[in-house]
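Working notes, beginning with the structure itself.
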Amino acid sequence: MPGRGADAMGWSVSERNPARQMIDQTLRTLRSLDIDYDWEALLPFAELAERTARHDLDRLERVTDPLEKAEHAVFLTFLLEPALMALRRLAQENESTARHVGDDDAPARPGTGTLP
C-alpha cells in the first residue's frame, strides 16, 4: 500500500520520503482503531496539497538569490505550516456552523443576526 496516493496523483517523489512513511503509519493506526480511511480518502487532500505546493513554488520563483530562495523555502515549509493547519481548523468551524445553524446548541453564524 505505501505510496499508492502519490502514485495515483502522478507525483514523482522518493520511495524513502519520510512523509510517505508518516502517511502509511497514520493510515495503519486509523485502521487499527477500526476507522475506515485509506489512500483513496486522502486524494482530495492530496489535490489541495498539490495546489498549495504549486502556490509555494510560484512565490519562490520570484526570488532570484539562491540563498534567499533557500531561506524562503524553509520559511514556507516549516514556519507557515502551523498557520495552514490553523486555517483548516477555522474553515472546519465555519463549515460546521454553516451546517448546524438552527441547532439549539450551535452558535449563531456571524452576520446572521441570530443570537445563540
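Residues in the C-alpha cells are named by chain (A, B, ... in the order shown) and by number from 1 within that chain; ligands are numbered from 1 in the order shown.
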Give one line per residue of stretch 46-86 of chain A that approaches stretch 4-20 of chain A to at most 10 Å, naming the two atoms of the closest pair and their distance in Å to one decimal, counting only C-alpha atoms; sort by chain then ascending residue number and deliver it as JSON lines.
```
{"residue": "A:Ala46", "atom": "CA", "partner": "A:Met9", "partner_atom": "CA", "distance": 7.5}
{"residue": "A:Glu47", "atom": "CA", "partner": "A:Met9", "partner_atom": "CA", "distance": 7.8}
{"residue": "A:Glu50", "atom": "CA", "partner": "A:Met9", "partner_atom": "CA", "distance": 9.0}
```
- Message: I'd like the neighbourhood of A:Ala53 as a PyMOL selection string, where a residue qualifies if any of its atoms comes within 10 Å (using only C-alpha atoms), though same-chain residues fewer than 6 positions away should be ignored.
- Response: chain A and resi 47+59+76-77
Using all heavy atoms, can you export the residues from the last selection as an mmCIF file, in the first residue's frame?
```cif
data_model
loop_
_atom_site.group_PDB
_atom_site.id
_atom_site.type_symbol
_atom_site.label_atom_id
_atom_site.label_comp_id
_atom_site.auth_asym_id
_atom_site.auth_seq_id
_atom_site.Cartn_x
_atom_site.Cartn_y
_atom_site.Cartn_z
ATOM 1 N N GLU A 47 -4.949 16.632 -3.566
ATOM 2 C CA GLU A 47 -5.183 17.640 -4.597
ATOM 3 C C GLU A 47 -5.022 19.048 -4.025
ATOM 4 O O GLU A 47 -4.437 19.924 -4.668
ATOM 5 C CB GLU A 47 -6.571 17.457 -5.199
ATOM 6 C CG GLU A 47 -6.683 16.183 -6.014
ATOM 7 C CD GLU A 47 -8.113 15.803 -6.363
ATOM 8 O OE1 GLU A 47 -9.065 16.486 -5.899
ATOM 9 O OE2 GLU A 47 -8.282 14.812 -7.085
ATOM 10 N N ARG A 59 5.563 31.385 -5.652
ATOM 11 C CA ARG A 59 6.089 32.501 -4.856
ATOM 12 C C ARG A 59 7.616 32.459 -4.813
ATOM 13 O O ARG A 59 8.273 33.495 -4.849
ATOM 14 C CB ARG A 59 5.511 32.477 -3.450
ATOM 15 C CG ARG A 59 4.031 32.836 -3.403
ATOM 16 C CD ARG A 59 3.501 32.864 -1.991
ATOM 17 N NE ARG A 59 4.194 33.823 -1.146
ATOM 18 C CZ ARG A 59 3.898 35.108 -1.040
ATOM 19 N NH1 ARG A 59 2.914 35.614 -1.754
ATOM 20 N NH2 ARG A 59 4.571 35.900 -0.221
ATOM 21 N N LEU A 76 8.540 28.830 4.251
ATOM 22 C CA LEU A 76 7.260 28.334 3.752
ATOM 23 C C LEU A 76 6.967 26.924 4.253
ATOM 24 O O LEU A 76 5.826 26.600 4.582
ATOM 25 C CB LEU A 76 7.243 28.346 2.222
ATOM 26 C CG LEU A 76 7.131 29.715 1.581
ATOM 27 C CD1 LEU A 76 7.308 29.602 0.072
ATOM 28 C CD2 LEU A 76 5.796 30.362 1.916
ATOM 29 N N THR A 77 7.994 26.115 4.323
ATOM 30 C CA THR A 77 7.787 24.722 4.710
ATOM 31 C C THR A 77 7.519 24.565 6.197
ATOM 32 O O THR A 77 6.575 23.893 6.595
ATOM 33 C CB THR A 77 9.019 23.876 4.321
ATOM 34 O OG1 THR A 77 9.207 23.995 2.908
ATOM 35 C CG2 THR A 77 8.827 22.427 4.681
#
```
- As a check of understanding: the span from atom CA of A:Leu43 to atom CA of A:Thr26 is 14.7 Å
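For the pair atom CA of A:Ala83 and atom CA of A:Thr52, the separation is 13.0 Å.
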- Could you give me, as a ChimeraX atom specification, each residue of chain A that DSSP assigns to helix (DSSP H, G or I) when run on this structure's backbone? /A:4-9,18-32,39-61,66-79,81-100
- Task: Kindly indicate which residue among A:Ala86, A:Gly102, A:Trp39, A:Thr97 lies nearest to A:Gln25, using only C-alpha atoms for the distances.
- Result: A:Trp39
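Taking atom CA of A:Arg54 as the reference point, atom CA of A:Phe78 is found at 16.3 Å.
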